[in-house]
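Enquirer: Enclosed is the structure file start.pdb (PDB, C-alpha atoms).
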```
MODEL        1
ATOM      1  CA  MET A   1     -49.400 -38.932 -74.997
ATOM      2  CA  LEU A   2     -47.063 -41.859 -75.356
ATOM      3  CA  LEU A   3     -47.267 -45.066 -77.363
ATOM      4  CA  ARG A   4     -45.405 -47.905 -75.661
ATOM      5  CA  LYS A   5     -45.385 -51.652 -75.208
ATOM      6  CA  ILE A   6     -47.851 -52.903 -72.637
ATOM      7  CA  LYS A   7     -46.777 -53.943 -69.150
ATOM      8  CA  SER A   8     -48.020 -57.367 -68.034
ATOM      9  CA  GLU A   9     -49.967 -55.845 -65.154
ATOM     10  CA  GLU A  10     -51.972 -53.760 -67.664
ATOM     11  CA  LEU A  11     -53.343 -56.699 -69.671
ATOM     12  CA  ALA A  12     -56.510 -57.113 -67.587
ATOM     13  CA  GLU A  13     -57.465 -53.457 -68.102
ATOM     14  CA  VAL A  14     -56.890 -53.710 -71.857
ATOM     15  CA  TYR A  15     -58.873 -56.941 -72.058
ATOM     16  CA  GLN A  16     -61.781 -55.228 -70.268
ATOM     17  CA  MET A  17     -61.661 -52.378 -72.799
ATOM     18  CA  GLY A  18     -61.649 -54.846 -75.684
ATOM     19  CA  TYR A  19     -64.441 -56.947 -74.224
ATOM     20  CA  ALA A  20     -66.623 -53.845 -73.793
ATOM     21  CA  ALA A  21     -66.119 -53.117 -77.526
ATOM     22  CA  TRP A  22     -66.316 -56.641 -79.038
ATOM     23  CA  PRO A  23     -67.840 -59.313 -76.825
ATOM     24  CA  LYS A  24     -69.136 -61.128 -79.959
ATOM     25  CA  GLY A  25     -71.363 -63.387 -77.880
ATOM     26  CA  ARG A  26     -68.491 -64.631 -75.721
ATOM     27  CA  THR A  27     -68.139 -64.560 -71.976
ATOM     28  CA  TYR A  28     -65.351 -62.392 -70.592
ATOM     29  CA  LYS A  29     -63.371 -65.546 -69.790
ATOM     30  CA  GLU A  30     -63.705 -66.756 -73.412
ATOM     31  CA  TYR A  31     -62.698 -63.319 -74.701
ATOM     32  CA  VAL A  32     -59.544 -63.313 -72.554
ATOM     33  CA  ARG A  33     -58.646 -66.861 -73.622
ATOM     34  CA  ASP A  34     -58.998 -65.926 -77.301
ATOM     35  CA  ASN A  35     -56.857 -62.807 -76.895
ATOM     36  CA  GLN A  36     -54.158 -64.459 -74.803
ATOM     37  CA  LYS A  37     -53.346 -66.663 -77.793
ATOM     38  CA  GLU A  38     -52.220 -63.534 -79.655
ATOM     39  CA  GLU A  39     -49.786 -62.482 -76.942
ATOM     40  CA  THR A  40     -47.370 -65.255 -77.934
ATOM     41  CA  TYR A  41     -46.819 -63.958 -81.467
ATOM     42  CA  GLY A  42     -47.614 -60.285 -81.147
ATOM     43  CA  ILE A  43     -46.620 -57.082 -79.423
ATOM     44  CA  ARG A  44     -49.422 -55.253 -77.647
ATOM     45  CA  TYR A  45     -49.120 -51.486 -77.478
ATOM     46  CA  VAL A  46     -50.882 -49.015 -75.224
ATOM     47  CA  TYR A  47     -51.424 -45.319 -75.732
ATOM     48  CA  VAL A  48     -51.155 -43.544 -72.392
ATOM     49  CA  ASN A  49     -51.603 -40.000 -71.147
ATOM     50  CA  GLU A  50     -49.267 -38.002 -68.917
ATOM     51  CA  GLU A  51     -50.584 -39.822 -65.816
ATOM     52  CA  ASP A  52     -49.839 -43.183 -67.505
ATOM     53  CA  GLN A  53     -53.566 -43.942 -67.811
ATOM     54  CA  ILE A  54     -54.411 -46.189 -70.735
ATOM     55  CA  ILE A  55     -56.319 -44.324 -73.441
ATOM     56  CA  GLY A  56     -56.172 -46.998 -76.150
ATOM     57  CA  SER A  57     -54.493 -50.176 -77.280
ATOM     58  CA  PHE A  58     -53.838 -52.513 -80.203
ATOM     59  CA  ILE A  59     -51.739 -55.544 -80.984
ATOM     60  CA  LEU A  60     -49.185 -55.921 -83.776
ATOM     61  CA  LEU A  61     -48.935 -59.505 -85.003
ATOM     62  CA  LEU A  62     -46.302 -61.109 -87.199
ATOM     63  CA  LEU A  63     -48.481 -63.209 -89.477
ATOM     64  CA  GLN A  64     -47.260 -66.500 -90.896
ATOM     65  CA  THR A  65     -47.477 -66.173 -94.682
ATOM     66  CA  PRO A  66     -45.009 -68.656 -96.176
ATOM     67  CA  ARG A  67     -46.259 -68.191 -99.744
ATOM     68  CA  LEU A  68     -45.945 -64.393 -99.745
ATOM     69  CA  LYS A  69     -42.638 -62.691-100.503
ATOM     70  CA  PHE A  70     -43.250 -59.792 -98.078
ATOM     71  CA  ALA A  71     -43.482 -59.711 -94.302
ATOM     72  CA  LEU A  72     -47.080 -59.241 -93.235
ATOM     73  CA  HIS A  73     -48.021 -57.665 -89.921
ATOM     74  CA  GLY A  74     -51.551 -57.736 -88.610
ATOM     75  CA  ILE A  75     -52.999 -54.923 -86.565
ATOM     76  CA  GLY A  76     -55.756 -56.147 -84.308
ATOM     77  CA  SER A  77     -57.841 -55.323 -81.283
ATOM     78  CA  VAL A  78     -57.694 -51.577 -81.925
ATOM     79  CA  VAL A  79     -59.631 -50.029 -79.058
ATOM     80  CA  VAL A  80     -60.000 -46.702 -77.286
ATOM     81  CA  HIS A  81     -61.341 -46.576 -73.743
ATOM     82  CA  GLN A  82     -65.024 -45.586 -73.703
ATOM     83  CA  LEU A  83     -64.261 -42.380 -71.776
ATOM     84  CA  TYR A  84     -61.933 -41.180 -74.552
ATOM     85  CA  GLN A  85     -63.817 -42.192 -77.694
ATOM     86  CA  ARG A  86     -64.639 -39.645 -80.399
ATOM     87  CA  MET A  87     -61.847 -37.330 -79.234
ATOM     88  CA  GLY A  88     -59.247 -38.229 -81.870
ATOM     89  CA  TYR A  89     -57.149 -40.468 -79.640
ATOM     90  CA  GLY A  90     -57.559 -43.528 -81.860
ATOM     91  CA  ARG A  91     -56.315 -41.498 -84.813
ATOM     92  CA  ASP A  92     -53.407 -40.112 -82.788
ATOM     93  CA  MET A  93     -52.464 -43.571 -81.535
ATOM     94  CA  LEU A  94     -52.305 -45.055 -85.038
ATOM     95  CA  GLU A  95     -50.508 -42.008 -86.467
ATOM     96  CA  ASP A  96     -47.861 -42.337 -83.748
ATOM     97  CA  PHE A  97     -47.509 -46.034 -84.534
ATOM     98  CA  PHE A  98     -46.989 -45.460 -88.258
ATOM     99  CA  LYS A  99     -44.473 -42.679 -87.557
ATOM    100  CA  LYS A 100     -42.578 -45.190 -85.393
ATOM    101  CA  MET A 101     -42.664 -47.810 -88.171
ATOM    102  CA  LYS A 102     -41.401 -45.256 -90.680
ATOM    103  CA  LEU A 103     -38.511 -44.322 -88.377
ATOM    104  CA  GLU A 104     -37.660 -48.006 -88.032
ATOM    105  CA  LYS A 105     -37.849 -48.273 -91.843
ATOM    106  CA  ARG A 106     -40.255 -51.200 -91.714
ATOM    107  CA  SER A 107     -41.239 -52.170 -95.245
ATOM    108  CA  ALA A 108     -43.777 -54.769 -94.172
ATOM    109  CA  ILE A 109     -47.345 -54.898 -95.319
ATOM    110  CA  PHE A 110     -49.711 -53.935 -92.500
ATOM    111  CA  MET A 111     -53.093 -55.622 -92.575
ATOM    112  CA  LEU A 112     -56.249 -55.330 -90.545
ATOM    113  CA  TYR A 113     -59.843 -56.423 -90.669
ATOM    114  CA  SER A 114     -62.094 -53.410 -90.249
ATOM    115  CA  ASP A 115     -65.211 -54.012 -88.185
ATOM    116  CA  ILE A 116     -66.082 -50.315 -88.534
ATOM    117  CA  LEU A 117     -66.506 -48.220 -91.668
ATOM    118  CA  PRO A 118     -63.333 -48.877 -93.712
ATOM    119  CA  GLU A 119     -63.135 -45.176 -94.622
ATOM    120  CA  TYR A 120     -61.821 -44.477 -91.117
ATOM    121  CA  TYR A 121     -58.616 -46.360 -91.940
ATOM    122  CA  HIS A 122     -58.041 -44.574 -95.263
ATOM    123  CA  GLN A 123     -56.464 -41.675 -93.350
ATOM    124  CA  PHE A 124     -53.642 -44.031 -92.341
ATOM    125  CA  GLY A 125     -52.972 -45.257 -95.871
ATOM    126  CA  PHE A 126     -55.078 -48.416 -95.698
ATOM    127  CA  LYS A 127     -57.134 -49.573 -98.631
ATOM    128  CA  GLU A 128     -59.472 -52.476 -99.110
ATOM    129  CA  LEU A 129     -58.146 -55.622-100.716
ATOM    130  CA  PRO A 130     -59.939 -56.605-103.935
ATOM    131  CA  SER A 131     -63.255 -58.435-103.578
ATOM    132  CA  HIS A 132     -61.767 -61.851-104.417
ATOM    133  CA  LEU A 133     -59.622 -61.531-101.261
ATOM    134  CA  GLN A 134     -62.505 -60.644 -98.932
ATOM    135  CA  ARG A 135     -63.719 -63.418 -96.632
ATOM    136  CA  TYR A 136     -66.093 -61.630 -94.297
ATOM    137  CA  PRO A 137     -68.808 -59.154 -95.328
ATOM    138  CA  GLN A 138     -68.781 -57.565 -91.841
ATOM    139  CA  SER A 139     -64.971 -57.328 -91.531
ATOM    140  CA  ILE A 140     -63.234 -55.792 -94.527
ATOM    141  CA  ALA A 141     -59.643 -56.893 -95.172
ATOM    142  CA  MET A 142     -57.447 -53.808 -95.620
ATOM    143  CA  VAL A 143     -53.732 -53.207 -96.118
ATOM    144  CA  ASN A 144     -51.246 -50.373 -95.741
ATOM    145  CA  CYS A 145     -48.389 -50.954 -98.155
ATOM    146  CA  SER A 146     -46.620 -49.666-101.236
ATOM    147  CA  GLU A 147     -48.406 -49.668-104.579
ATOM    148  CA  SER A 148     -46.193 -52.485-105.881
ATOM    149  CA  GLN A 149     -46.941 -54.571-102.779
ATOM    150  CA  TYR A 150     -50.671 -53.926-103.270
ATOM    151  CA  GLU A 151     -50.480 -55.042-106.901
ATOM    152  CA  TYR A 152     -48.606 -58.159-105.817
ATOM    153  CA  LEU A 153     -51.185 -58.963-103.126
ATOM    154  CA  SER A 154     -54.057 -58.354-105.544
ATOM    155  CA  LYS A 155     -52.799 -61.215-107.705
ATOM    156  CA  GLN A 156     -52.756 -63.719-104.837
ATOM    157  CA  SER A 157     -55.459 -66.206-103.906
ATOM    158  CA  ILE A 158     -57.573 -65.950-100.799
ATOM    159  CA  GLU A 159     -55.643 -68.883 -99.287
ATOM    160  CA  ASP A 160     -52.566 -66.620 -99.157
ATOM    161  CA  ILE A 161     -54.335 -63.988 -97.069
ATOM    162  CA  PRO A 162     -54.538 -64.664 -93.331
ATOM    163  CA  ALA A 163     -57.998 -65.241 -91.914
ATOM    164  CA  TYR A 164     -59.380 -62.909 -89.249
ATOM    165  CA  PHE A 165     -56.876 -62.545 -86.454
TER     166      PHE A 165
ENDMDL
END
```
Could I get this structure in the form of structure tokens?
Expert:
Amino acid sequence: MLLRKIKSEELAEVYQMGYAAWPKGRTYKEYVRDNQKEETYGIRYVYVNEEDQIIGSFILLLLQTPRLKFALHGIGSVVVHQLYQRMGYGRDMLEDFFKKMKLEKRSAIFMLYSDILPEYYHQFGFKELPSHLQRYPQSIAMVNCSESQYEYLSKQSIEDIPAYF
């Protein structure tokens, strides 16, 4: 398996995977429009097998947080193709990503909104932000960061935390 940046010709396939997982009452066209906005300020990754078939995908976003003293990266649109779900590929994909970030010595805070049970993301070092920083009961704001960064974030106001991305 290989984690790499997406090729432009693979976007449609990844959008179809994402739409199958989270249509959220939108048409496919609306879903694509919403996700294309992210392409301008994010890097979309795909997790591929030996035949270069897409197993999973996610996007890494550089979030604009002028009042925070740390860089904040959002992880969004985490999806595994329906044929490969419940086989550990999502876990492998995120583990490979965090190994890559560690090698690059990225000290950013990584944030996501969990639309699944937040416990799944604990294995990657994520923990829920305190309740005063939670906006959405169905999407729990979580971060992967150092303890000092977590303490710093915990003292911020909800206006400092990016809304769902």
Enquirer: So that I can see what lies close to range 37-51 of chain A, please list as an mmCIF file with C-alpha atoms, in the coordinates of the input the residues with an atom at most 6 Å from it, counting only C-alpha atoms and leaving out residues fewer than 5 positions away in the same chain.
Expert:
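Writing done, so here's part.cif:
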```
data_model
loop_
_atom_site.group_PDB
_atom_site.id
_atom_site.type_symbol
_atom_site.label_atom_id
_atom_site.label_comp_id
_atom_site.auth_asym_id
_atom_site.auth_seq_id
_atom_site.Cartn_x
_atom_site.Cartn_y
_atom_site.Cartn_z
ATOM 1 C CA MET A 1 -49.400 -38.932 -74.997
ATOM 2 C CA LEU A 2 -47.063 -41.859 -75.356
ATOM 3 C CA LEU A 3 -47.267 -45.066 -77.363
ATOM 4 C CA ARG A 4 -45.405 -47.905 -75.661
ATOM 5 C CA LYS A 5 -45.385 -51.652 -75.208
ATOM 6 C CA ILE A 6 -47.851 -52.903 -72.637
ATOM 7 C CA GLY A 56 -56.172 -46.998 -76.150
ATOM 8 C CA SER A 57 -54.493 -50.176 -77.280
ATOM 9 C CA PHE A 58 -53.838 -52.513 -80.203
ATOM 10 C CA ILE A 59 -51.739 -55.544 -80.984
ATOM 11 C CA LEU A 60 -49.185 -55.921 -83.776
ATOM 12 C CA LEU A 61 -48.935 -59.505 -85.003
#
```
Enquirer: For this file, the PyMOL selection byres ((chain A and resi 108) around 6) selects which residues, as a PyMOL selection string?
Expert: chain A and resi 71-72+106-107+109
Enquirer: Please define a box with edges along x, y and z of the file around all atoms of range 143-153 of chain A given in the file, extend it by 8 Å on each side, and return its centre and edge lengths in Å to one decimal, as AutoDock Vina command-line options.
Expert:
```
--center_x -50.0 --center_y -54.3 --center_z -101.3 --size_x 23.5 --size_y 25.3 --size_z 27.2
```
Enquirer: For CA of Glu10 in chain A and CA of Ile116 in chain A, quote the distance in Å rounded to one decimal.
Expert: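 Atom-to-atom, CA of Glu10 in chain A and CA of Ile116 in chain A are spaced 25.4 Å apart.
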Enquirer: Which is closer to Val79 in chain A than all the others in A:Tyr113, A:Tyr15, A:Tyr28, A:Tyr120, using only C-alpha atoms?
Expert: A:Tyr15
Enquirer: Name all residues at most 8 Å from range 133-137 of chain A (count all atoms listed in the file; drop same-chain ones fewer than 2 positions away) and give them as a list in words.
Expert: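 Listed by chain and then number, they are Leu129, Pro130, Ser131, Ser139, Ile140, Ala141, Ser154, Ser157, Ile158, Ile161 and Ala163 of chain A.
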